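Shown next: model-v7.cif, given as mmCIF, C-alpha atoms.
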```cif
data_target
loop_
_atom_site.label_atom_id
_atom_site.label_comp_id
_atom_site.auth_asym_id
_atom_site.auth_seq_id
_atom_site.Cartn_x
_atom_site.Cartn_y
_atom_site.Cartn_z
CA MET K 1 0.00 0.00 0.00
CA LYS K 2 1.50 3.26 -1.07
CA ALA K 3 2.34 5.83 1.54
CA LEU K 4 -0.02 8.68 2.14
CA THR K 5 1.58 12.04 2.71
CA PHE K 6 -1.54 13.78 3.87
CA LEU K 7 -0.68 15.13 7.28
CA ARG K 8 0.70 18.62 7.14
CA CYS K 9 0.14 20.00 10.62
CA THR K 10 0.63 23.58 9.55
CA GLY K 11 0.97 25.94 12.45
CA LEU K 12 0.86 23.17 15.02
CA THR K 13 4.56 23.08 15.75
CA VAL K 14 5.57 22.59 19.31
CA VAL K 15 6.28 25.99 20.76
CA ALA K 16 5.13 25.82 24.35
CA VAL K 17 2.72 23.91 26.49
CA PHE K 18 -0.22 26.06 27.41
CA THR K 19 0.00 26.98 31.07
CA GLY K 20 -2.78 28.07 33.39
CA LEU K 21 -5.32 25.57 32.05
CA ILE K 22 -4.96 23.08 34.83
CA SER K 23 -3.02 22.63 37.99
CA GLY K 24 -0.08 20.28 38.10
CA THR K 25 2.18 19.06 35.33
CA ALA K 26 0.79 19.43 31.83
CA LEU K 27 0.73 16.26 29.73
CA ALA K 28 0.81 17.41 26.14
CA ILE K 29 0.16 15.61 22.88
CA GLU K 30 1.55 16.58 19.49
CA PRO K 31 -0.50 16.50 16.25
CA ALA K 32 1.66 13.77 14.70
CA THR K 33 1.10 11.58 17.75
CA ALA K 34 -2.66 12.11 17.55
CA VAL K 35 -2.67 11.13 13.88
CA ASP K 36 -0.48 8.06 14.47
CA ARG K 37 -2.84 6.87 17.19
CA THR K 38 -5.85 7.44 14.96
CA LEU K 39 -4.37 5.49 12.06
CA ALA K 40 -3.44 2.65 14.39
CA SER K 41 -6.69 2.38 16.33
CA SER K 42 -9.50 4.20 14.54
CA PRO K 43 -12.66 2.03 14.68
CA GLU K 44 -13.58 3.22 11.17
CA LEU K 45 -10.39 1.74 9.72
CA GLN K 46 -10.56 -1.59 11.51
CA LEU K 47 -13.11 -3.14 9.11
CA TYR K 48 -11.05 -2.78 5.92
CA PRO K 49 -8.93 -5.92 6.42
CA TYR K 50 -12.16 -7.93 6.32
CA HIS K 51 -13.14 -6.30 3.03
CA VAL K 52 -9.73 -7.21 1.64
CA ARG K 53 -10.17 -10.84 2.66
CA ALA K 54 -13.60 -10.94 1.06
CA LEU K 55 -12.20 -9.60 -2.22
CA GLU K 56 -9.37 -12.13 -2.10
CA ALA K 57 -12.01 -14.85 -1.82
CA GLU K 58 -13.93 -13.33 -4.75
CA SER K 59 -10.75 -13.30 -6.82
CA LEU K 60 -10.20 -16.96 -6.05
CA GLN K 61 -13.79 -17.77 -7.00
CA ALA K 62 -13.63 -15.75 -10.22
CA GLY K 63 -10.57 -17.66 -11.41
CA LEU K 64 -12.04 -21.14 -10.95
CA LYS K 65 -12.75 -23.19 -14.05
CA PRO K 66 -15.89 -25.34 -14.38
CA ASN K 67 -15.41 -28.87 -13.03
CA PRO K 68 -15.71 -31.82 -15.40
CA VAL K 69 -18.95 -33.81 -15.26
CA LEU K 70 -19.04 -37.59 -14.91
CA GLY K 71 -22.03 -39.19 -16.59
CA VAL K 72 -23.44 -42.70 -16.23
CA GLU K 73 -26.29 -44.03 -18.41
CA LEU K 74 -27.93 -47.44 -18.19
CA GLU K 75 -30.32 -48.23 -21.08
CA ASN K 76 -32.54 -51.12 -22.24
CA VAL K 77 -33.25 -52.56 -18.80
CA MET K 78 -36.38 -53.96 -17.12
CA GLY K 79 -38.03 -54.61 -20.48
CA THR K 80 -39.67 -57.71 -21.93
CA GLY K 81 -38.32 -60.50 -24.05
CA ASP K 82 -34.69 -59.95 -24.88
CA ARG K 83 -34.76 -56.73 -22.88
CA ARG K 84 -35.82 -58.38 -19.62
CA VAL K 85 -33.91 -57.38 -16.49
CA LEU K 86 -30.30 -56.76 -17.61
CA ALA K 87 -30.13 -59.19 -20.49
CA GLY K 88 -29.54 -56.60 -23.21
CA HIS K 89 -28.65 -53.46 -21.34
CA GLU K 90 -26.23 -50.79 -22.52
CA LEU K 91 -23.97 -49.06 -20.01
CA THR K 92 -22.32 -45.74 -20.88
CA LEU K 93 -19.66 -43.95 -18.88
CA SER K 94 -18.72 -40.45 -20.04
CA LEU K 95 -16.68 -37.48 -18.93
CA SER K 96 -17.64 -34.00 -20.20
CA GLN K 97 -16.18 -30.54 -19.73
CA VAL K 98 -17.65 -27.08 -20.25
CA LEU K 99 -15.26 -24.84 -22.19
CA GLU K 100 -15.73 -21.15 -21.43
CA LEU K 101 -15.23 -19.12 -24.57
CA GLY K 102 -14.76 -15.38 -25.04
CA GLY K 103 -12.28 -14.98 -22.16
CA LYS K 104 -14.98 -15.03 -19.50
CA ARG K 105 -12.74 -16.27 -16.72
CA GLU K 106 -10.08 -13.63 -17.41
CA ARG K 107 -12.71 -10.91 -17.45
CA ARG K 108 -14.24 -12.10 -14.17
CA VAL K 109 -10.80 -11.92 -12.58
CA ASP K 110 -10.28 -8.47 -14.09
CA VAL K 111 -13.51 -7.19 -12.50
CA VAL K 112 -12.39 -8.37 -9.06
CA ASP K 113 -8.91 -6.95 -9.54
CA ARG K 114 -10.39 -3.57 -10.33
CA GLN K 115 -12.67 -3.86 -7.31
CA SER K 116 -9.51 -4.35 -5.26
CA ALA K 117 -8.13 -1.11 -6.69
CA GLU K 118 -11.42 0.60 -5.82
CA LEU K 119 -11.23 -0.72 -2.25
CA GLN K 120 -7.71 0.67 -1.98
CA ARG K 121 -8.97 4.08 -3.10
CA GLU K 122 -11.88 3.90 -0.69
CA PHE K 123 -9.47 3.10 2.12
CA GLU K 124 -7.29 6.07 1.19
CA VAL K 125 -10.32 8.37 1.17
CA LYS K 126 -11.48 7.01 4.53
CA ARG K 127 -8.00 7.31 5.97
CA LEU K 128 -7.81 10.94 4.89
CA ASP K 129 -11.25 11.55 6.36
CA VAL K 130 -10.36 10.13 9.79
CA VAL K 131 -7.08 12.05 9.85
CA ALA K 132 -8.90 15.24 8.89
CA ALA K 133 -11.50 14.60 11.61
CA THR K 134 -8.72 14.10 14.15
CA LEU K 135 -7.01 17.34 13.16
CA ARG K 136 -10.29 19.25 13.24
CA ASP K 137 -10.75 18.09 16.82
CA TYR K 138 -7.11 18.99 17.46
CA TYR K 139 -7.60 22.53 16.16
CA ASP K 140 -10.79 22.87 18.18
CA THR K 141 -8.92 21.88 21.34
CA LEU K 142 -6.11 24.29 20.53
CA ARG K 143 -8.64 27.05 19.89
CA LEU K 144 -10.19 26.50 23.31
CA GLN K 145 -6.75 26.65 24.89
CA GLN K 146 -6.13 29.97 23.15
CA LEU K 147 -9.49 31.23 24.42
CA LEU K 148 -8.66 30.11 27.96
CA GLU K 149 -5.40 32.01 27.79
CA TRP K 150 -7.20 35.01 26.28
CA ASN K 151 -9.87 34.99 28.99
CA GLN K 152 -7.23 34.58 31.69
CA ARG K 153 -5.53 37.76 30.46
CA ARG K 154 -8.89 39.48 30.60
CA ILE K 155 -9.42 38.33 34.19
CA ALA K 156 -5.97 39.61 35.17
CA SER K 157 -6.70 42.97 33.54
CA GLU K 158 -10.06 43.24 35.28
CA LYS K 159 -8.52 42.34 38.63
CA ALA K 160 -5.92 45.06 38.17
CA ALA K 161 -8.64 47.51 37.23
CA LEU K 162 -10.69 46.46 40.25
CA GLN K 163 -7.76 47.26 42.54
CA VAL K 164 -7.49 50.74 41.06
CA ILE K 165 -11.22 51.35 41.41
CA GLN K 166 -11.17 49.98 44.98
CA LYS K 167 -8.47 52.48 45.95
CA ARG K 168 -10.42 55.35 44.39
CA ALA K 169 -13.63 54.18 46.07
CA ASN K 170 -11.85 53.99 49.44
CA ALA K 171 -10.64 57.52 48.88
CA GLY K 172 -14.18 58.62 48.10
CA VAL K 173 -13.30 59.72 44.55
CA VAL K 174 -15.74 57.31 42.84
CA GLY K 175 -18.97 55.73 43.94
CA GLU K 176 -19.78 52.14 44.83
CA ALA K 177 -21.50 51.71 41.46
CA ASP K 178 -18.12 51.81 39.66
CA LEU K 179 -16.75 49.21 42.03
CA MET K 180 -19.77 46.95 41.67
CA ARG K 181 -19.73 47.27 37.90
CA MET K 182 -16.15 46.01 37.68
CA GLN K 183 -16.84 43.29 40.26
CA LEU K 184 -19.73 42.08 38.10
CA ARG K 185 -17.57 42.04 34.98
CA LEU K 186 -14.87 40.09 36.79
CA ALA K 187 -17.44 37.56 38.04
CA LYS K 188 -18.72 37.07 34.49
CA SER K 189 -15.20 36.55 33.17
CA GLU K 190 -14.45 33.99 35.87
CA SER K 191 -17.69 32.20 35.06
CA LYS K 192 -16.68 32.23 31.40
CA GLN K 193 -13.37 30.67 32.38
CA ASP K 194 -15.20 27.80 34.08
CA THR K 195 -17.29 27.27 30.95
CA LEU K 196 -14.21 27.26 28.72
CA ASN K 197 -12.49 24.79 31.04
CA ALA K 198 -15.46 22.44 30.76
CA GLN K 199 -15.51 22.80 26.97
CA HIS K 200 -11.78 22.10 26.87
CA GLU K 201 -12.26 18.90 28.85
CA GLN K 202 -14.92 17.76 26.40
CA ALA K 203 -12.66 18.66 23.46
CA LEU K 204 -9.88 16.49 24.88
CA ARG K 205 -12.30 13.57 25.10
CA ARG K 206 -13.53 14.11 21.55
CA LEU K 207 -9.94 14.13 20.32
CA ALA K 208 -9.05 10.89 22.11
CA ALA K 209 -12.27 9.28 20.86
CA ASN K 210 -10.76 9.31 17.37
CA TRP K 211 -8.62 6.38 18.50
CA ALA K 212 -11.26 5.00 20.89
CA GLN K 213 -9.48 5.82 24.13
CA GLU K 214 -9.73 8.10 27.10
CA PRO K 215 -7.32 11.06 26.99
CA ASP K 216 -3.97 10.48 28.71
CA PHE K 217 -3.07 14.14 28.12
CA ASN K 218 -4.56 17.42 29.25
CA VAL K 219 -3.27 19.90 26.66
CA VAL K 220 -2.27 19.91 23.01
CA ASP K 221 0.88 21.49 21.65
CA GLY K 222 0.66 24.20 19.07
CA ASP K 223 0.67 27.84 18.09
CA MET K 224 -2.47 29.01 16.36
CA ALA K 225 -0.70 32.20 15.26
CA ARG K 226 1.64 30.29 12.94
CA LEU K 227 -0.43 30.34 9.79
CA PRO K 228 -0.08 28.27 6.61
CA ALA K 229 0.74 29.94 3.31
CA LEU K 230 -2.02 30.40 0.77
CA PRO K 231 -1.63 27.86 -2.08
CA ASP K 232 -1.78 29.38 -5.54
CA THR K 233 -4.31 28.45 -8.18
CA THR K 234 -1.78 26.49 -10.26
CA GLN K 235 -1.00 24.21 -7.35
CA LEU K 236 -4.69 23.58 -6.80
CA GLU K 237 -5.27 22.76 -10.47
CA GLN K 238 -2.35 20.35 -10.47
CA ALA K 239 -3.62 18.67 -7.32
CA LEU K 240 -7.18 18.35 -8.59
CA LEU K 241 -6.73 15.20 -10.68
CA GLU K 242 -4.82 13.52 -7.85
CA THR K 243 -7.48 14.01 -5.20
CA PRO K 244 -8.50 10.74 -3.51
CA ASP K 245 -12.18 11.37 -4.27
CA TYR K 246 -11.43 11.86 -7.96
CA LEU K 247 -9.16 8.80 -8.13
CA LEU K 248 -11.91 6.76 -6.47
CA VAL K 249 -14.29 7.66 -9.29
CA VAL K 250 -11.60 6.74 -11.81
CA ALA K 251 -11.31 3.32 -10.15
CA GLN K 252 -15.09 2.91 -10.31
CA ILE K 253 -15.05 3.76 -14.02
CA ARG K 254 -12.49 1.02 -14.58
CA ILE K 255 -14.68 -1.44 -12.73
CA ASN K 256 -17.58 -0.59 -15.02
CA GLU K 257 -15.32 -0.98 -18.04
CA ALA K 258 -14.41 -4.45 -16.82
CA ARG K 259 -18.06 -5.31 -16.17
CA LEU K 260 -18.99 -4.17 -19.67
CA SER K 261 -16.25 -6.37 -21.13
CA LEU K 262 -17.50 -9.29 -19.05
CA ALA K 263 -21.09 -8.76 -20.23
CA GLU K 264 -19.92 -8.70 -23.84
CA ALA K 265 -17.84 -11.85 -23.30
CA GLU K 266 -20.86 -13.64 -21.85
CA ARG K 267 -22.59 -13.06 -25.16
CA THR K 268 -20.38 -15.87 -26.54
CA ALA K 269 -21.91 -19.26 -25.81
CA ASN K 270 -19.94 -21.92 -23.97
CA VAL K 271 -19.46 -25.36 -25.49
CA THR K 272 -19.45 -28.75 -23.81
CA VAL K 273 -17.23 -31.56 -25.05
CA GLY K 274 -17.07 -35.09 -23.72
CA ALA K 275 -15.87 -38.61 -24.30
CA GLY K 276 -16.75 -41.98 -22.87
CA VAL K 277 -17.16 -45.68 -23.35
CA ARG K 278 -20.32 -47.75 -23.95
CA ARG K 279 -20.75 -51.44 -23.26
CA PHE K 280 -23.33 -53.53 -25.16
CA GLU K 281 -24.30 -56.47 -22.97
CA ALA K 282 -26.24 -58.26 -25.68
CA ASN K 283 -23.19 -58.99 -27.81
CA ASP K 284 -20.50 -58.39 -25.21
CA ASP K 285 -19.07 -55.42 -27.15
CA VAL K 286 -17.49 -52.09 -26.16
CA ALA K 287 -17.35 -48.82 -28.11
CA LEU K 288 -16.00 -45.31 -27.62
CA LEU K 289 -18.24 -42.27 -27.90
CA PHE K 290 -17.70 -38.52 -28.20
CA ASN K 291 -20.13 -35.68 -27.71
CA PHE K 292 -20.27 -31.99 -28.39
CA SER K 293 -22.99 -29.49 -27.55
CA MET K 294 -23.55 -25.73 -27.65
CA PRO K 295 -26.63 -23.55 -27.52
CA LEU K 296 -27.94 -22.12 -30.76
CA GLN K 297 -27.61 -18.36 -30.61
CA PHE K 298 -30.78 -17.41 -32.48
CA ASN K 299 -31.21 -14.53 -30.01
CA ASP K 300 -28.69 -12.60 -27.93
CA ARG K 301 -29.63 -13.70 -24.43
CA ASN K 302 -27.27 -11.15 -22.82
CA GLN K 303 -28.22 -7.96 -24.61
CA GLY K 304 -30.03 -6.57 -21.55
CA ASN K 305 -26.99 -7.09 -19.31
CA ILE K 306 -24.77 -5.44 -21.91
CA ALA K 307 -27.10 -2.43 -22.16
CA ARG K 308 -27.18 -2.11 -18.37
CA ALA K 309 -23.36 -2.30 -18.11
CA GLN K 310 -23.04 0.29 -20.87
CA ALA K 311 -25.43 2.65 -19.07
CA GLN K 312 -23.57 2.23 -15.77
CA TYR K 313 -20.28 2.93 -17.51
CA GLN K 314 -21.65 6.11 -19.11
CA GLU K 315 -23.08 7.19 -15.75
CA LYS K 316 -19.67 6.94 -14.10
CA LEU K 317 -18.10 8.96 -16.92
CA ALA K 318 -20.69 11.69 -16.37
CA HIS K 319 -20.10 11.48 -12.61
CA GLN K 320 -16.38 11.96 -13.19
CA GLU K 321 -16.94 15.20 -15.07
CA LEU K 322 -19.46 16.40 -12.50
CA LEU K 323 -17.10 15.60 -9.62
CA LYS K 324 -14.26 17.44 -11.34
CA THR K 325 -16.43 20.53 -11.67
CA ARG K 326 -17.53 20.29 -8.04
CA LEU K 327 -13.95 19.88 -6.82
CA GLU K 328 -12.83 22.89 -8.87
CA ILE K 329 -15.60 24.99 -7.34
CA ALA K 330 -14.95 23.71 -3.81
CA LEU K 331 -11.19 24.27 -3.95
CA SER K 332 -11.66 27.74 -5.43
CA ARG K 333 -14.27 28.67 -2.83
CA ILE K 334 -12.19 27.42 0.12
CA ARG K 335 -9.08 29.17 -1.19
CA ALA K 336 -10.98 32.44 -1.54
CA ALA K 337 -12.34 32.14 2.01
CA MET K 338 -8.87 31.33 3.33
CA GLN K 339 -7.42 34.36 1.54
CA ASN K 340 -10.11 36.58 3.03
CA ASN K 341 -9.41 35.29 6.54
CA LEU K 342 -5.66 35.75 6.09
CA GLU K 343 -6.24 39.38 5.11
CA GLN K 344 -8.68 39.85 7.98
CA GLU K 345 -6.25 38.37 10.51
CA LYS K 346 -3.44 40.57 9.22
CA ARG K 347 -5.62 43.68 9.38
CA LEU K 348 -6.75 42.89 12.93
CA LYS K 349 -3.21 42.31 14.20
CA GLN K 350 -1.43 45.11 12.36
CA GLN K 351 -4.04 47.85 12.38
CA LEU K 352 -6.80 47.34 14.93
CA GLU K 353 -5.10 45.56 17.82
CA PRO K 354 -2.34 48.21 18.31
CA VAL K 355 -4.95 50.96 18.28
CA ALA K 356 -7.09 49.10 20.81
CA HIS K 357 -4.05 48.63 23.06
CA SER K 358 -3.22 52.31 22.88
CA LEU K 359 -6.85 53.23 23.56
CA LEU K 360 -7.00 51.05 26.66
CA GLN K 361 -3.74 52.46 28.00
CA GLU K 362 -4.93 56.02 27.42
CA VAL K 363 -8.33 55.45 29.05
CA GLU K 364 -6.74 53.63 32.00
CA ARG K 365 -4.34 56.53 32.52
CA GLY K 366 -7.15 59.04 32.09
CA TYR K 367 -9.37 57.18 34.56
CA LYS K 368 -6.71 57.45 37.23
CA LEU K 369 -6.56 61.18 36.54
CA GLY K 370 -10.33 61.50 36.63
CA ILE K 371 -10.64 62.33 32.93
CA TYR K 372 -12.64 59.25 31.96
CA ASN K 373 -15.30 57.31 33.81
CA VAL K 374 -15.48 53.58 34.45
CA LEU K 375 -17.83 52.95 31.54
CA GLN K 376 -15.25 54.32 29.13
CA TRP K 377 -12.63 52.09 30.71
CA VAL K 378 -14.92 49.08 30.37
CA ASP K 379 -15.63 49.92 26.74
CA ALA K 380 -11.92 50.18 25.98
CA GLN K 381 -11.34 46.77 27.56
CA ASP K 382 -14.20 45.30 25.53
CA GLU K 383 -12.79 46.69 22.30
CA LEU K 384 -9.36 45.15 22.87
CA TYR K 385 -10.59 41.73 23.95
CA ALA K 386 -13.18 41.59 21.18
CA ILE K 387 -10.41 42.17 18.63
CA GLU K 388 -8.21 39.52 20.25
CA ARG K 389 -11.11 37.08 20.12
CA GLU K 390 -11.65 37.87 16.43
CA ILE K 391 -7.97 37.18 15.75
CA ILE K 392 -8.20 33.76 17.41
CA GLU K 393 -11.34 32.86 15.46
CA ALA K 394 -9.80 34.04 12.17
CA GLN K 395 -6.68 31.95 12.79
CA TYR K 396 -8.84 28.95 13.65
CA ALA K 397 -10.82 29.36 10.41
CA ILE K 398 -7.59 29.63 8.36
CA HIS K 399 -6.24 26.36 9.76
CA LEU K 400 -9.52 24.56 9.12
CA GLN K 401 -9.69 25.87 5.55
CA PHE K 402 -6.14 24.81 4.79
CA LEU K 403 -6.89 21.42 6.35
CA GLU K 404 -9.88 21.06 4.03
CA LEU K 405 -7.70 21.92 1.03
CA GLU K 406 -5.30 19.19 2.11
CA ARG K 407 -8.11 16.72 2.64
CA LEU K 408 -9.52 17.33 -0.82
CA SER K 409 -6.11 17.13 -2.48
CA GLY K 410 -4.72 14.33 -0.33
CA MET K 411 -1.30 15.94 -0.31
CA GLY K 412 0.70 18.86 1.05
CA LEU K 413 0.12 21.94 -1.05
CA VAL K 414 3.08 24.10 -0.06
CA ASN K 415 6.68 23.50 0.87
CA ASP K 416 7.37 25.51 3.98
CA SER K 417 8.84 24.87 7.39
CA SER K 418 5.73 23.14 8.64
CA PRO K 419 6.37 19.54 9.75
CA VAL K 420 4.96 16.79 7.61
CA ALA K 421 4.19 13.37 9.02
CA ALA K 422 3.85 10.56 6.48
CA ASP K 423 2.20 7.24 7.12
CA LYS K 424 4.15 4.52 5.38
CA GLU K 425 3.30 0.92 5.00
#
```

Starting from the file, lay out its structure as structure tokens.
Amino acid sequence: MKALTFLRCTGLTVVAVFTGLISGTALAIEPATAVDRTLASSPELQLYPYHVRALEAESLQAGLKPNPVLGVELENVMGTGDRRVLAGHELTLSLSQVLELGGKRERRVDVVDRQSAELQREFEVKRLDVVAATLRDYYDTLRLQQLLEWNQRRIASEKAALQVIQKRANAGVVGEADLMRMQLRLAKSESKQDTLNAQHEQALRRLAANWAQEPDFNVVDGDMARLPALPDTTQLEQALLETPDYLLVVAQIRINEARLSLAEAERTANVTVGAGVRRFEANDDVALLFNFSMPLQFNDRNQGNIARAQAQYQEKLAHQELLKTRLEIALSRIRAAMQNNLEQEKRLKQQLEPVAHSLLQEVERGYKLGIYNVLQWVDAQDELYAIEREIIEAQYAIHLQFLELERLSGMGLVNDSSPVAADKE
């Protein structure tokens, strides 16, 4: 089985284990490890060896020749006169063999061989699907870790703000309403942290479920900010005809070609030849005999099967063209969405986030001087953390879109510093 070079864990390089998620030592898992475990233990992949065995049995059956037939005839017995009891019986022993004409056996074997190729393609598609599902769960877990870290920064900022407001309230500069407002915001953020922690725990379990186990790790390694490069249109066009889904349809077309050839071969009638010996009891004599038989082909008894095989073959050809068009549209659409998210992420980080940081610093300084009120401070905090959340979500979308491009193409699309794990057999 040829190696699949699907896994390109772009942006998921090991940079640091996320801290602050749990207490104690963090047990981290890398993307390549998650994929290796999935390929080794995925329940969806465990059934394919049985399909292979079944096809091996079909191949054996397709290659079998018809067995010879032994015939025994006893004539002229239990009659009257000279034919009474066994007085004048004739005993014939013969051996006959059906000869398959038109290459039927070879074409039956060819059909099964092409079904084996189809099964291989199906397995490759399924293997890519389970790897993609694992990495989607991996990205989701990493996203939640980023959100936990983001929310923890927000909690720290709100605690620092609360201390400032507490001092001003103690000095009688601001009222209790300002203090209570920030206390409420802090309580909401801490509640949000509990929710994110619970979601993270569930994400870890979903990830481990890809290889049917309980998680023996509590974080995943990765840096969501390390983004994959946008593949160009030429690369996508070159990858299109090598996509596992497209190659599966090609394999199915070849099966239908083989079935059409088999149906046409079955139009040729088989013949039966035989030879034997006959004993004549009446005169104690023995003679050889030969026989030959074949059906008279006044009508083509297989024309319906041929028409059906031809229609199925044409259907697969049409499906191939339709699938190619759909893949072209899907790859183009995903690439465009990925490009939009890359531009959005860049704009958020380079233009909006610095301004939001500066705004928060200015309002915080002005609040301490009595220039701004607490609502303005809260709004400035909201602006900054909303932008940071948008950056995380944009990065998450970019990774998922690149993953989908890889899943559709079944191969790495760019040569960069991202690690590639290949499964070899």

Evaluate the PyMOL selection byres ((chain K and resi 119) around 12) here and jot the selected residues down as a PyMOL selection string. chain K and resi 1+47-56+112-118+120-127+244+247-249+251-252+255

Name the residues that the PyMOL selection byres ((chain K and resi 42) around 9) pulls out of this structure, and write them as a PyMOL selection string. chain K and resi 37-41+43-46+130+209-212

Quick one, how far is atom CA of K:Phe402 from atom CA of K:Arg143?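 Interatomic distance, atom CA of K:Phe402 to atom CA of K:Arg143: 15.5 Å.
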
Could you name the residues that touch stretch 166-183 of chain K at 10 Å or less, counting only C-alpha atoms, but leaving out those on the same chain fewer than 4 positions away, as a list in words?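 So the residues in contact are Glu158, Lys159, Ala160, Ala161, Leu162, Ala187, Lys188, Ser189, Lys368, Gly370, Asn373, Val374, Leu375, Trp377 and Val378 of chain K.
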
Compute the distance from (-13.1, 15.4, -10.9) to each atom, counting only C-alpha atoms, keep the residues with any atom at most 12 Å away, and return them as a PyMOL selection string; use the coordinates of the file. chain K and resi 237-250+316-331+408-409

Return as JSON, numbers by chain the set of residues that the PyMOL selection byres ((chain K and resi 68) around 7) yields on the displayed structure. {"K": [66, 67, 69, 70, 95, 96, 97]}

Kindly export the residues of the current selection with C-alpha atoms, as a PDB file, in the coordinates of the input.
```pdb
ATOM      1  CA  PRO K  66     -15.890 -25.340 -14.380  1.00  0.00           C
ATOM      2  CA  ASN K  67     -15.410 -28.870 -13.030  1.00  0.00           C
ATOM      3  CA  VAL K  69     -18.950 -33.810 -15.260  1.00  0.00           C
ATOM      4  CA  LEU K  70     -19.040 -37.590 -14.910  1.00  0.00           C
ATOM      5  CA  LEU K  95     -16.680 -37.480 -18.930  1.00  0.00           C
ATOM      6  CA  SER K  96     -17.640 -34.000 -20.200  1.00  0.00           C
ATOM      7  CA  GLN K  97     -16.180 -30.540 -19.730  1.00  0.00           C
TER       8      GLN K  97
END
```

Atom-to-atom span, atom CA of K:Val219 and atom CA of K:Glu393, Å: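 It comes out at 18.9 Å.
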
Could you list, as a VMD selection string, every residue within 9 Å of K:Glu100, counting all atoms listed in the file and ignoring same-chain residues fewer than 5 positions away? chain K and resid 65 to 66 105 268 to 272

Can you tell me how far atom CA of K:Phe290 sits from atom CA of K:Ala62, in Å to one decimal? 29.3 Å

For K:Ser94, find every residue with an atom within 10 Å (counting all atoms listed in the file), except residues of its own chain fewer than 4 positions away, and show them as number ranges by chain. K: 69-73, 274-278, 288-291

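Proximity of K:Thr92, K:Thr195, K:Thr233, K:Gln381 to K:Ala287, computed with only C-alpha atoms, is greatest for K:Thr92.
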
Can you work out which one of K:Leu359, K:Asn256, K:Pro231, K:Met294 has the shortest atom-to-atom distance to K:Met338, counting only C-alpha atoms?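 Ranking K:Leu359, K:Asn256, K:Pro231, K:Met294 by distance to K:Met338, first place goes to K:Pro231.
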
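For the choices K:Ala394, K:Leu101, K:Ala28, K:Ala229, the atom-to-atom distance to K:Glu266 is smallest for K:Leu101 when using all atoms listed in the file.
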
Name the closest residue to K:Asp379 among the candidates K:Lys192, K:Arg185, K:Arg407, K:His200; distances are taken between atoms, counting all atoms listed in the file. K:Arg185

For K:Ile253, which residue among K:Ala309, K:Ala156, K:Leu204, K:Val35 is the nearest when counting all atoms listed in the file?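 Checking each candidate against K:Ile253, we get K:Ala309 as the closest.
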
For K:Ala258, please output as a list in words all residues within 7 Å (counting all atoms listed in the file; exclusion window: fewer than 2 positions along the same chain). Arg107, Asp110, Val111, Arg254, Ile255, Asn256, Leu260, Ser261 and Leu262 of chain K
